[in-house]
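**Student:** For reference, the file model.txt (compact mmCIF, C-alpha atoms and all ligand atoms) is included below:
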# COMPACT_ATOMS: atom_id res chain seq x y z
CA MET X 2 -11.10 3.06 27.80
CA LEU X 3 -11.07 0.87 24.69
CA LYS X 4 -7.74 0.18 23.03
CA SER X 5 -7.06 -0.81 19.41
CA ILE X 6 -4.71 -3.77 19.23
CA ILE X 7 -3.24 -5.59 16.26
CA LYS X 8 -4.29 -9.15 17.00
CA GLY X 9 -2.97 -10.78 13.84
CA THR X 10 -1.16 -9.97 10.61
CA GLY X 11 -0.96 -11.73 7.24
CA HIS X 12 0.28 -11.32 3.69
CA PHE X 13 0.13 -13.00 0.32
CA VAL X 14 1.72 -12.50 -3.11
CA PRO X 15 1.21 -14.34 -6.40
CA GLU X 16 3.87 -17.03 -7.00
CA ASN X 17 5.26 -15.63 -10.23
CA VAL X 18 8.49 -13.63 -9.68
CA VAL X 19 9.51 -11.02 -12.27
CA THR X 20 13.14 -9.94 -11.99
CA ASN X 21 14.68 -6.77 -13.37
CA GLU X 22 16.33 -8.94 -16.03
CA ASP X 23 12.88 -10.25 -17.04
CA LEU X 24 11.69 -6.66 -17.52
CA ALA X 25 14.80 -5.83 -19.54
CA LYS X 26 13.63 -8.42 -22.10
CA ARG X 27 10.36 -6.50 -22.55
CA MET X 28 11.53 -2.86 -22.53
CA SER X 29 14.68 -0.74 -22.70
CA THR X 30 15.82 -0.94 -19.12
CA THR X 31 18.54 -2.60 -17.07
CA ASP X 32 18.91 -4.22 -13.67
CA GLU X 33 21.50 -1.56 -12.89
CA TRP X 34 19.14 1.38 -13.64
CA ILE X 35 16.26 -0.06 -11.62
CA THR X 36 18.45 -1.09 -8.66
CA GLU X 37 20.27 2.21 -8.50
CA ARG X 38 17.16 4.41 -8.69
CA THR X 39 14.67 2.32 -6.71
CA GLY X 40 16.44 -0.50 -4.84
CA ILE X 41 14.01 -2.99 -6.42
CA LYS X 42 15.46 -6.35 -7.62
CA GLU X 43 12.25 -8.27 -8.26
CA ARG X 44 8.48 -8.11 -7.84
CA HIS X 45 5.56 -10.56 -8.08
CA HIS X 46 3.09 -10.39 -10.97
CA ARG X 47 0.26 -12.85 -11.44
CA ALA X 48 1.38 -15.25 -14.15
CA ASN X 49 -1.47 -14.51 -16.54
CA ARG X 50 -2.06 -10.82 -17.09
CA ASN X 51 -5.73 -11.46 -17.85
CA ASP X 52 -6.43 -13.94 -15.06
CA SER X 53 -9.94 -13.53 -13.67
CA GLU X 54 -9.34 -15.67 -10.57
CA ILE X 55 -6.10 -14.35 -9.08
CA THR X 56 -7.65 -10.93 -8.50
CA THR X 57 -7.02 -8.16 -5.98
CA ALA X 58 -9.85 -9.48 -3.79
CA TYR X 59 -8.36 -12.99 -3.99
CA LEU X 60 -4.95 -11.75 -2.77
CA GLY X 61 -6.72 -9.80 -0.02
CA CYS X 62 -8.62 -12.94 0.96
CA LYS X 63 -5.44 -15.03 1.27
CA ALA X 64 -3.73 -12.33 3.38
CA SER X 65 -6.87 -12.05 5.54
CA GLU X 66 -6.99 -15.81 6.15
CA MET X 67 -3.42 -15.67 7.45
CA ALA X 68 -4.18 -12.62 9.63
CA MET X 69 -7.28 -14.30 11.10
CA LYS X 70 -5.35 -17.51 11.77
CA ASN X 71 -2.61 -15.56 13.56
CA ALA X 72 -5.27 -13.66 15.52
CA ALA X 73 -7.00 -16.98 16.36
CA ILE X 74 -10.39 -15.68 15.29
CA THR X 75 -12.90 -16.88 12.70
CA ALA X 76 -14.56 -15.06 9.82
CA GLN X 77 -17.78 -15.13 11.85
CA GLU X 78 -16.17 -12.98 14.52
CA ILE X 79 -15.12 -10.24 12.09
CA ASP X 80 -17.66 -7.42 12.42
CA HIS X 81 -16.35 -4.99 9.81
CA ILE X 82 -14.11 -4.96 6.71
CA ILE X 83 -12.05 -2.05 5.43
CA PHE X 84 -10.38 -2.71 2.08
CA ALA X 85 -7.80 -0.29 0.65
CA THR X 86 -6.91 -0.63 -3.04
CA LEU X 87 -6.60 1.33 -6.27
CA SER X 88 -6.95 -1.80 -8.40
CA SER X 89 -10.35 -3.18 -7.43
CA ASP X 90 -11.76 -6.20 -9.26
CA TYR X 91 -14.63 -4.13 -10.66
CA PHE X 92 -14.93 -0.40 -11.40
CA PHE X 93 -17.77 -0.80 -8.91
CA PRO X 94 -18.69 -2.34 -6.49
CA GLY X 95 -15.57 -2.12 -4.37
CA ASN X 96 -13.52 -5.01 -3.06
CA GLY X 97 -14.80 -5.00 0.55
CA VAL X 98 -18.02 -6.75 -0.43
CA LEU X 99 -16.11 -9.32 -2.52
CA LEU X 100 -13.98 -10.15 0.50
CA GLN X 101 -17.06 -10.45 2.72
CA GLU X 102 -18.39 -13.10 0.32
CA MET X 103 -15.06 -14.91 -0.19
CA LEU X 104 -14.43 -15.25 3.55
CA GLY X 105 -18.03 -16.21 4.34
CA CYS X 106 -18.46 -13.38 6.84
CA ARG X 107 -21.85 -12.40 8.19
CA THR X 108 -23.62 -9.54 6.34
CA ILE X 109 -21.28 -7.05 8.02
CA GLY X 110 -20.39 -3.64 6.65
CA ALA X 111 -17.60 -3.51 4.08
CA LEU X 112 -15.92 -0.19 3.40
CA ASP X 113 -13.55 0.61 0.55
CA VAL X 114 -10.74 3.14 0.89
CA ARG X 115 -9.08 4.60 -2.19
CA ASN X 116 -6.17 6.66 -1.04
CA GLN X 117 -3.59 4.75 -3.08
CA CYS X 118 -0.19 4.50 -1.38
CA SER X 119 -1.64 6.03 1.80
CA GLY X 120 -4.64 3.68 1.65
CA PHE X 121 -3.60 1.40 4.50
CA VAL X 122 -2.79 4.30 6.84
CA TYR X 123 -6.18 5.87 6.06
CA ALA X 124 -7.89 2.48 6.57
CA MET X 125 -6.19 1.93 9.94
CA SER X 126 -7.23 5.39 11.12
CA VAL X 127 -10.89 4.64 10.32
CA ALA X 128 -10.67 1.21 11.98
CA ASN X 129 -9.11 2.79 15.08
CA ALA X 130 -11.94 5.34 15.32
CA PHE X 131 -14.57 2.59 14.94
CA ILE X 132 -12.92 0.51 17.68
CA LYS X 133 -12.46 3.46 20.06
CA SER X 134 -16.12 4.47 19.61
CA GLY X 135 -17.22 0.97 20.63
CA LEU X 136 -18.97 0.33 17.30
CA TYR X 137 -16.94 -2.74 16.25
CA LYS X 138 -14.74 -5.27 18.05
CA ASN X 139 -12.80 -7.09 15.30
CA ILE X 140 -12.08 -5.25 12.07
CA LEU X 141 -10.28 -6.74 9.11
CA VAL X 142 -8.09 -4.04 7.56
CA VAL X 143 -6.74 -5.05 4.17
CA GLY X 144 -4.47 -3.51 1.54
CA ALA X 145 -4.14 -5.35 -1.79
CA GLU X 146 -3.21 -4.61 -5.37
CA ILE X 147 -2.91 -6.29 -8.73
CA HIS X 148 -0.90 -3.72 -10.66
CA SER X 149 0.43 -6.02 -13.36
CA PHE X 150 -2.77 -6.03 -15.44
CA GLY X 151 -2.73 -2.27 -15.95
CA LEU X 152 0.87 -1.28 -16.57
CA ASP X 153 2.45 -0.18 -19.84
CA PHE X 154 5.34 -2.59 -20.49
CA SER X 155 6.48 -0.72 -23.61
CA ASP X 156 9.38 1.75 -23.42
CA ALA X 157 6.88 4.58 -22.95
CA GLY X 158 5.88 3.17 -19.57
CA ARG X 159 9.29 2.11 -18.27
CA GLY X 160 9.56 4.96 -15.73
CA ILE X 161 6.54 3.55 -13.88
CA SER X 162 6.13 -0.12 -14.77
CA VAL X 163 9.43 -1.20 -13.24
CA ILE X 164 8.35 0.11 -9.83
CA PHE X 165 5.02 -1.60 -9.16
CA GLY X 166 4.20 -5.14 -8.03
CA ASP X 167 1.22 -7.26 -6.96
CA GLY X 168 0.61 -8.24 -3.34
CA ALA X 169 -1.58 -8.05 -0.26
CA GLY X 170 -1.36 -7.56 3.49
CA ALA X 171 -3.99 -7.69 6.22
CA VAL X 172 -4.44 -6.93 9.88
CA VAL X 173 -7.08 -7.91 12.43
CA LEU X 174 -7.55 -4.81 14.58
CA SER X 175 -9.44 -5.62 17.78
CA ALA X 176 -10.85 -3.84 20.80
CA SER X 177 -9.21 -4.50 24.15
CA GLU X 178 -9.71 -3.27 27.70
CA ASP X 179 -6.59 -5.03 28.99
CA GLU X 180 -4.36 -2.43 30.62
CA ASN X 181 -1.26 -4.31 29.43
CA ALA X 182 -2.39 -4.43 25.80
CA GLY X 183 -0.92 -2.27 23.05
CA ASP X 184 -2.84 0.59 21.47
CA ILE X 185 -2.86 3.05 18.58
CA LEU X 186 -1.41 6.18 20.14
CA ALA X 187 -1.57 8.75 17.34
CA VAL X 188 -2.86 9.09 13.80
CA ASN X 189 -2.59 11.88 11.26
CA LEU X 190 -3.91 12.12 7.70
CA HIS X 191 -3.21 14.75 5.05
CA SER X 192 -4.04 15.60 1.45
CA GLU X 193 -3.16 18.15 -1.22
CA GLY X 194 -5.47 17.59 -4.19
CA LYS X 195 -3.89 20.22 -6.40
CA TYR X 196 -1.31 17.57 -7.24
CA ALA X 197 -3.86 14.93 -8.30
CA GLU X 198 -2.49 14.69 -11.84
CA GLU X 199 1.15 14.34 -10.79
CA LEU X 200 0.44 10.65 -10.12
CA CYS X 201 -2.81 9.25 -11.45
CA THR X 202 -4.70 7.07 -13.88
CA LYS X 203 -7.28 9.09 -15.77
CA PHE X 204 -9.44 6.48 -17.42
CA PRO X 205 -12.22 5.48 -16.76
CA GLY X 206 -13.12 8.70 -14.97
CA SER X 207 -16.10 11.04 -15.15
CA LYS X 208 -13.80 13.80 -16.36
CA PHE X 209 -12.81 11.85 -19.46
CA GLY X 210 -16.06 10.92 -21.22
CA TRP X 211 -15.65 7.22 -20.68
CA SER X 212 -18.61 5.51 -22.32
CA ASP X 213 -18.99 7.76 -25.37
CA ARG X 214 -15.29 7.73 -26.12
CA MET X 215 -14.94 3.96 -25.69
CA HIS X 216 -17.82 3.32 -28.07
CA LEU X 217 -17.65 6.20 -30.54
CA GLU X 218 -13.96 7.01 -30.79
CA PRO X 219 -11.92 4.29 -29.05
CA GLU X 220 -8.84 5.20 -31.10
CA ALA X 221 -8.86 8.67 -29.47
CA VAL X 222 -8.31 7.15 -26.00
CA THR X 223 -4.59 7.57 -25.49
CA ASP X 224 -2.07 5.44 -23.59
CA HIS X 225 -1.48 8.54 -21.48
CA GLU X 226 -5.06 8.22 -20.19
CA ILE X 227 -5.27 4.44 -19.77
CA TYR X 228 -1.99 3.84 -17.95
CA PRO X 229 -0.75 5.37 -14.72
CA ILE X 230 1.24 8.57 -15.19
CA MET X 231 3.77 9.90 -12.70
CA ASN X 232 5.98 12.93 -12.44
CA GLY X 233 8.68 10.89 -10.70
CA ASN X 234 11.03 13.70 -9.64
CA PHE X 235 8.16 15.80 -8.34
CA VAL X 236 6.74 12.88 -6.34
CA PHE X 237 10.18 12.12 -4.92
CA LYS X 238 10.74 15.69 -3.70
CA HIS X 239 7.36 15.92 -1.99
CA ALA X 240 7.70 12.46 -0.44
CA VAL X 241 11.01 13.22 1.25
CA THR X 242 9.50 16.39 2.78
CA ARG X 243 6.16 14.97 3.86
CA PHE X 244 7.45 11.72 5.43
CA PRO X 245 9.53 13.46 8.14
CA GLU X 246 6.69 15.95 8.79
CA THR X 247 4.02 13.31 9.36
CA ILE X 248 6.32 11.18 11.55
CA ALA X 249 7.27 14.19 13.70
CA GLU X 250 3.59 15.07 14.05
CA ALA X 251 2.64 11.56 15.21
CA LEU X 252 5.51 11.41 17.71
CA ALA X 253 4.66 14.87 19.11
CA ASP X 254 0.94 13.98 19.44
CA ALA X 255 1.86 10.90 21.48
CA GLY X 256 4.51 12.71 23.55
CA LYS X 257 7.26 10.49 22.12
CA SER X 258 10.59 11.15 20.45
CA VAL X 259 12.41 9.47 17.55
CA GLU X 260 14.67 7.71 20.08
CA ASP X 261 11.58 5.96 21.53
CA LEU X 262 10.82 4.26 18.21
CA ASP X 263 11.56 0.53 18.00
CA LEU X 264 10.55 0.14 14.36
CA PHE X 265 9.65 2.38 11.44
CA ILE X 266 7.77 0.86 8.49
CA PRO X 267 7.59 3.34 5.62
CA HIS X 268 5.33 2.78 2.64
CA GLN X 269 7.62 0.94 0.23
CA ALA X 270 7.62 3.58 -2.52
CA ASN X 271 11.29 3.55 -3.38
CA LEU X 272 14.28 2.44 -1.30
CA ARG X 273 15.98 5.78 -1.95
CA ILE X 274 13.03 7.62 -0.37
CA SER X 275 13.09 5.31 2.69
CA GLN X 276 16.85 5.74 3.09
CA PHE X 277 16.57 9.51 2.80
CA VAL X 278 13.90 9.58 5.52
CA GLN X 279 15.87 7.17 7.71
CA GLN X 280 18.91 9.43 7.46
CA LYS X 281 16.88 12.55 8.21
CA LEU X 282 15.46 10.91 11.34
CA GLY X 283 18.82 9.47 12.34
CA LEU X 284 17.44 5.94 12.69
CA PRO X 285 19.82 2.95 12.65
CA ASP X 286 19.22 0.19 10.06
CA GLU X 287 17.73 -2.23 12.59
CA LYS X 288 14.91 0.23 13.32
CA VAL X 289 13.70 0.50 9.71
CA PHE X 290 11.98 -2.29 7.81
CA ASN X 291 12.22 -2.47 4.01
CA ASN X 292 11.17 -5.28 1.69
CA ILE X 293 10.71 -3.31 -1.54
CA GLN X 294 13.75 -5.19 -2.94
CA LYS X 295 11.56 -8.33 -3.24
CA TYR X 296 8.13 -6.90 -3.97
CA GLY X 297 8.46 -3.47 -5.60
CA ASN X 298 5.89 -0.86 -4.68
CA THR X 299 2.61 -2.62 -3.90
CA THR X 300 0.78 0.64 -3.06
CA ALA X 301 -1.97 0.02 -0.44
CA ALA X 302 -0.50 -3.43 0.29
CA SER X 303 3.06 -2.31 0.98
CA ILE X 304 2.77 -1.40 4.68
CA PRO X 305 0.68 -4.42 5.82
CA LEU X 306 2.90 -6.72 3.72
CA ALA X 307 5.99 -5.30 5.43
CA LEU X 308 4.29 -5.38 8.83
CA SER X 309 3.39 -9.05 8.46
CA GLU X 310 6.96 -9.93 7.44
CA ALA X 311 8.41 -7.86 10.28
CA VAL X 312 6.30 -9.83 12.78
CA GLU X 313 7.21 -13.15 11.12
CA GLN X 314 10.93 -12.32 11.25
CA GLY X 315 10.81 -11.22 14.89
CA ARG X 316 11.70 -7.64 13.96
CA LEU X 317 8.56 -6.40 15.74
CA LYS X 318 7.73 -7.62 19.24
CA ARG X 319 4.88 -7.03 21.66
CA GLY X 320 5.40 -3.75 23.50
CA ASP X 321 7.43 -2.17 20.69
CA LEU X 322 6.70 1.37 19.52
CA LEU X 323 5.94 1.21 15.79
CA CYS X 324 5.44 4.04 13.30
CA MET X 325 3.88 3.32 9.89
CA SER X 326 3.92 6.22 7.43
CA ALA X 327 2.88 6.69 3.83
CA PHE X 328 2.97 9.19 1.01
CA GLY X 329 1.45 8.87 -2.43
CA SER X 330 -1.05 9.77 -5.10
CA GLY X 331 -3.49 12.53 -4.24
CA PHE X 332 -1.18 13.73 -2.90
CA THR X 333 -2.03 12.01 0.37
CA TRP X 334 0.14 11.20 3.36
CA GLY X 335 -0.10 10.27 7.02
CA SER X 336 1.08 8.09 9.90
CA VAL X 337 -0.13 5.60 12.47
CA LEU X 338 1.93 5.40 15.66
CA LEU X 339 1.19 2.43 17.91
CA ASN X 340 2.30 0.37 20.79
CA TYR X 341 2.41 -3.16 19.37
N1 LIG D 401 15.13 2.14 -17.39
C1 LIG D 401 16.08 2.90 -17.97
N2 LIG D 401 15.96 4.23 -18.13
C2 LIG D 401 14.82 4.82 -17.69
C3 LIG D 401 13.79 4.09 -17.08
C4 LIG D 401 13.98 2.69 -16.96
N3 LIG D 401 13.06 1.89 -16.38
N4 LIG D 401 12.80 4.92 -16.76
C5 LIG D 401 13.18 6.16 -17.13
N5 LIG D 401 14.41 6.08 -17.71
C6 LIG D 401 15.22 7.18 -18.26
C7 LIG D 401 14.40 8.38 -18.62
O1 LIG D 401 13.85 8.24 -19.90
C8 LIG D 401 15.43 9.49 -18.55
O2 LIG D 401 16.20 9.46 -19.72
P1 LIG D 401 16.70 10.82 -20.42
O3 LIG D 401 17.56 11.48 -19.38
O4 LIG D 401 17.42 10.33 -21.60
O5 LIG D 401 15.44 11.60 -20.70
C9 LIG D 401 16.32 9.05 -17.41
O6 LIG D 401 16.11 7.65 -17.25
C10 LIG D 401 16.05 9.77 -16.12
O7 LIG D 401 14.64 9.77 -15.89
P2 LIG D 401 14.01 10.39 -14.62
O8 LIG D 401 12.54 10.18 -14.67
O9 LIG D 401 14.51 11.79 -14.42
O10 LIG D 401 14.66 9.46 -13.50
P3 LIG D 401 14.71 9.67 -11.97
O11 LIG D 401 16.09 9.75 -11.54
O12 LIG D 401 13.75 10.72 -11.50
O13 LIG D 401 14.14 8.28 -11.47
C11 LIG D 401 12.11 7.38 -10.56
C12 LIG D 401 12.81 7.92 -11.80
C13 LIG D 401 10.68 7.07 -10.95
C14 LIG D 401 12.80 6.13 -10.10
C15 LIG D 401 12.17 8.46 -9.46
O14 LIG D 401 11.75 9.71 -9.94
C16 LIG D 401 11.33 8.10 -8.29
O15 LIG D 401 11.59 7.12 -7.61
N6 LIG D 401 10.31 8.91 -7.97
C17 LIG D 401 9.40 8.62 -6.88
C18 LIG D 401 8.38 7.70 -7.42
C19 LIG D 401 7.63 6.96 -6.39
O16 LIG D 401 8.11 6.62 -5.36
N7 LIG D 401 6.39 6.70 -6.72
C20 LIG D 401 5.55 5.91 -5.93
C21 LIG D 401 4.43 6.67 -5.42
S1 LIG D 401 4.60 6.95 -3.74
Starting from the file, lay out its structure as structure tokens.
Ligand code: COA
**Tutor:**
Amino acid sequence: MLKSIIKGTGHFVPENVVTNEDLAKRMSTTDEWITERTGIKERHHRANRNDSEITTAYLGCKASEMAMKNAAITAQEIDHIIFATLSSDYFFPGNGVLLQEMLGCRTIGALDVRNQCSGFVYAMSVANAFIKSGLYKNILVVGAEIHSFGLDFSDAGRGISVIFGDGAGAVVLSASEDENAGDILAVNLHSEGKYAEELCTKFPGSKFGWSDRMHLEPEAVTDHEIYPIMNGNFVFKHAVTRFPETIAEALADAGKSVEDLDLFIPHQANLRISQFVQQKLGLPDEKVFNNIQKYGNTTAASIPLALSEAVEQGRLKRGDLLCMSAFGSGFTWGSVLLNY
């Protein structure tokens, strides 16, 4: 029986730190408001908003290099790439192929996943199925985002722009037949597309007459279409319901209980959401990992970025039972429960 083991983890963020005070110079907001509502103190944004080198694929590449180093494997040994992002370098093609080229991998398959905040959980579930079927042995699973190029830093966008940051995380997921090795024990994925417009970016999309409107009536393309829009309260309420549901489902599928968990890594959407879920599950602080205070919400990157830091800081050890759960745009949500 093949097992899926996390052989190595990595992460990378652009150097440039943007504090809440920095944002307060650009829009009507305060450190107090942002801290109280979200827990975020700072985030990383690439220094130049229009940089064409520090891209989402570049961040993903740096995180992947660290993950491969920690896994002690080379780019030649990677036999598949799964790249989760909502902020790809091009409208198409996706970022998987760009990473294949940047890393100098063989002409392996490169799959893109676009499930936003749940992207990494979806990507891991696909990688797990590929490994368990015997199709691939070493899969690079990446989540990366450059949000800073596409946010509205005027007052109109302050409800969203203060939350998001740039960053990347990566995992080498490998096949193992070692009876002592860890394994992915349970996965669940969910969606509810009727809420697509509660958290979305509309443009460019086939529903919004992209080419004609850009060329014939560019002034009619509104900020509301170009920038992400979010019904914050609505998202919050659904998130705090769906997180406990998906975690309970994963634990039940694996025949485990909350008490068995050694670490819970929630998608870093908002510290208040994570704390609400922690309280509902009755988990002590040492069993929940949060780093949103330093990075903001990095969407598909948030879980692998937290995972990599948790490993680095010794918060996650071999043999530990780990649950990673996400909720976000779509709506989509799900969990991966594994023995690390
Ligand atoms: N600084 C200061 N004031 C702000 C602000 C900012 N950055 N953004 C919004 N406000 C104002 C609003 O204009 C509003 O003012 P009003 O009462 O005069 O109209 C007030 O603050 C309250 O706005 P509201 O949107 O109701 O705040 P909230 O308490 O719902 O908090 C979020 C907003 C976004 C922090 C919160 O809804 C949230 O975290 N939602 C979940 C979002 C999330 O996690 N998304 C990630 C996807 S998984």
**Student:** Is it possible to get the axis-aligned box enclosing ligand LIG 401 (chain D) (all listed atoms, 8 Å extra per side) as JSON, with centre and edge lengths in Å rounded to one decimal?
**Tutor:**
{"center_x": 11.0, "center_y": 6.8, "center_z": -12.7, "size_x": 29.1, "size_y": 25.9, "size_z": 33.9}
**Student:** What does the distance between atom CA of X:Lys63 and atom O16 of ligand LIG 401 (chain D) come to in Å, to one decimal place?
**Tutor:** 26.4 Å
**Student:** 8 Å from ligand LIG 401 (chain D) is the threshold here; counting all atoms listed in the file, which polymer residues fall inside it? Answer as a compact mmCIF listing (two decimals) with C-alpha atoms, in the coordinates of the input.
**Tutor:**
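Written output follows (result.txt):
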# COMPACT_ATOMS: atom_id res chain seq x y z
CA MET X 28 11.53 -2.86 -22.53
CA SER X 29 14.68 -0.74 -22.70
CA THR X 30 15.82 -0.94 -19.12
CA THR X 31 18.54 -2.60 -17.07
CA TRP X 34 19.14 1.38 -13.64
CA ILE X 35 16.26 -0.06 -11.62
CA ARG X 38 17.16 4.41 -8.69
CA THR X 39 14.67 2.32 -6.71
CA CYS X 118 -0.19 4.50 -1.38
CA ASP X 156 9.38 1.75 -23.42
CA GLY X 158 5.88 3.17 -19.57
CA ARG X 159 9.29 2.11 -18.27
CA GLY X 160 9.56 4.96 -15.73
CA ILE X 161 6.54 3.55 -13.88
CA SER X 162 6.13 -0.12 -14.77
CA VAL X 163 9.43 -1.20 -13.24
CA ILE X 164 8.35 0.11 -9.83
CA LEU X 200 0.44 10.65 -10.12
CA MET X 231 3.77 9.90 -12.70
CA ASN X 232 5.98 12.93 -12.44
CA GLY X 233 8.68 10.89 -10.70
CA ASN X 234 11.03 13.70 -9.64
CA PHE X 235 8.16 15.80 -8.34
CA VAL X 236 6.74 12.88 -6.34
CA PHE X 237 10.18 12.12 -4.92
CA LYS X 238 10.74 15.69 -3.70
CA ALA X 240 7.70 12.46 -0.44
CA HIS X 268 5.33 2.78 2.64
CA GLN X 269 7.62 0.94 0.23
CA ALA X 270 7.62 3.58 -2.52
CA ASN X 271 11.29 3.55 -3.38
CA ARG X 273 15.98 5.78 -1.95
CA ILE X 274 13.03 7.62 -0.37
CA ASN X 298 5.89 -0.86 -4.68
CA THR X 300 0.78 0.64 -3.06
CA ALA X 327 2.88 6.69 3.83
CA PHE X 328 2.97 9.19 1.01
CA GLY X 329 1.45 8.87 -2.43
CA SER X 330 -1.05 9.77 -5.10
**Student:** Could you check which of X:Pro285, X:Gly183, X:Gly9, X:Gly210 is closest to X:Met67, using all atoms listed in the file?
**Tutor:**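 Once distances to X:Met67 are computed over all atoms listed in the file, the minimum belongs to X:Gly9.
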**Student:** Can you tell me which residues surround X:Ala64 at a distance of at most 8 Å, considering all atoms listed in the file, apart from same-chain residues fewer than 2 positions away, and format the answer as a short mmCIF file (atom, residue, chain, number, x, y, z; two decimals) with C-alpha atoms, in the frame of the given file?
**Tutor:**
data_model
loop_
_atom_site.label_atom_id
_atom_site.label_comp_id
_atom_site.auth_asym_id
_atom_site.auth_seq_id
_atom_site.Cartn_x
_atom_site.Cartn_y
_atom_site.Cartn_z
CA GLY X 11 -0.96 -11.73 7.24
CA HIS X 12 0.28 -11.32 3.69
CA PHE X 13 0.13 -13.00 0.32
CA LEU X 60 -4.95 -11.75 -2.77
CA GLY X 61 -6.72 -9.80 -0.02
CA CYS X 62 -8.62 -12.94 0.96
CA GLU X 66 -6.99 -15.81 6.15
CA MET X 67 -3.42 -15.67 7.45
CA ALA X 68 -4.18 -12.62 9.63
CA VAL X 143 -6.74 -5.05 4.17
CA ALA X 169 -1.58 -8.05 -0.26
CA GLY X 170 -1.36 -7.56 3.49
CA ALA X 171 -3.99 -7.69 6.22
#
**Student:** Stretch 310-324 of chain X: which residues within 6 Å, counting only C-alpha atoms, same-chain residues fewer than 5 positions away excluded, as a PyMOL selection string?
**Tutor:** chain X and resi 262-265+337-341
**Student:** Choose the residue, out of X:Pro94, X:Pro15, X:Gly206, X:Pro305, that has the smallest atom-to-atom separation from X:Ile266; count only C-alpha atoms.
**Tutor:**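 Checking each candidate against X:Ile266, we get X:Pro305 as the closest.
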**Student:** Distance atom CA of X:Phe165-atom CA of X:Lys295, one decimal place?
**Tutor:** 11.1 Å
**Student:** Of the residues X:Ser53, X:Asn189, X:Ser175, X:Asn21, which is the one nearest to X:Ile248, using all atoms listed in the file?
**Tutor:**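 Closest to X:Ile248, using all atoms listed in the file: X:Asn189.
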**Student:** Please return as a PyMOL selection string every residue within 6 Å of (-3.4, -11.2, -6.3), taking into account all atoms listed in the file and the file's own coordinates.
**Tutor:** chain X and resi 15+55-57+59-60+147+168
**Student:** Around (7.8, -0.3, 5.2), as given in the file, which residues come within 7 Å? Count all atoms listed in the file and list them as a CSV table (one decimal) with C-alpha atoms, keeping the file's coordinate frame.
**Tutor:**
chain,number,residue,atom,x,y,z
X,266,ILE,CA,7.8,0.9,8.5
X,267,PRO,CA,7.6,3.3,5.6
X,268,HIS,CA,5.3,2.8,2.6
X,269,GLN,CA,7.6,0.9,0.2
X,290,PHE,CA,12.0,-2.3,7.8
X,291,ASN,CA,12.2,-2.5,4.0
X,292,ASN,CA,11.2,-5.3,1.7
X,303,SER,CA,3.1,-2.3,1.0
X,304,ILE,CA,2.8,-1.4,4.7
X,307,ALA,CA,6.0,-5.3,5.4
**Student:** Skipping near chain neighbours, those fewer than 2 positions away, what residues fall within 7 Å of stretch 124-137 of chain X using all atoms listed in the file, listed as a PyMOL selection string?
**Tutor:** chain X and resi 3-5+80-81+83+85+114+120-122+139-140+142+176+188
**Student:** Hey, can you check how far atom CA of X:Thr20 sits from atom CA of X:Met325?
**Tutor:**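 One can read the atom CA of X:Thr20 to atom CA of X:Met325 distance as 27.2 Å.
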**Student:** Between X:Lys203, X:His239, X:Lys208, X:His46, which has the minimum distance to X:Glu226 (counting all atoms listed in the file)?
**Tutor:**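 Residue with the minimum atom-to-atom distance to X:Glu226: X:Lys203.
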**Student:** Which of these, X:Asp153, X:Ser336, X:Glu54, X:Gln77, has the shortest distance to X:Gln101 once you count only C-alpha atoms?
**Tutor:**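 Smallest distance to X:Gln101 is found for X:Gln77.
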**Student:** From the options X:Ala48, X:Leu112, X:Ala253, X:Leu284, which residue's atoms come nearest to X:Thr86, counting only C-alpha atoms?
**Tutor:**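 Selected residue with least distance to X:Thr86: X:Leu112.
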**Student:** Using all atoms listed in the file, determine which residues lie at most 10 Å from X:Phe277, disregarding the query and same-chain residues fewer than 6 positions distant; provide the list as a list in words.
**Tutor:**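 Counting only the stated atoms, we get Ala240, Val241, Thr242, Phe244, Pro245 and Gly283 of chain X.
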**Student:** Quick one: everything within 7 Å of X:Glu193, counting all atoms listed in the file, minus sequence neighbours fewer than 5 positions away in the same chain. Send it as a short mmCIF file (atom, residue, chain, number, x, y, z; two decimals) with C-alpha atoms, keeping the file's coordinate frame.
**Tutor:**
data_model
loop_
_atom_site.label_atom_id
_atom_site.label_comp_id
_atom_site.auth_asym_id
_atom_site.auth_seq_id
_atom_site.Cartn_x
_atom_site.Cartn_y
_atom_site.Cartn_z
CA GLY X 331 -3.49 12.53 -4.24
CA PHE X 332 -1.18 13.73 -2.90
CA THR X 333 -2.03 12.01 0.37
#
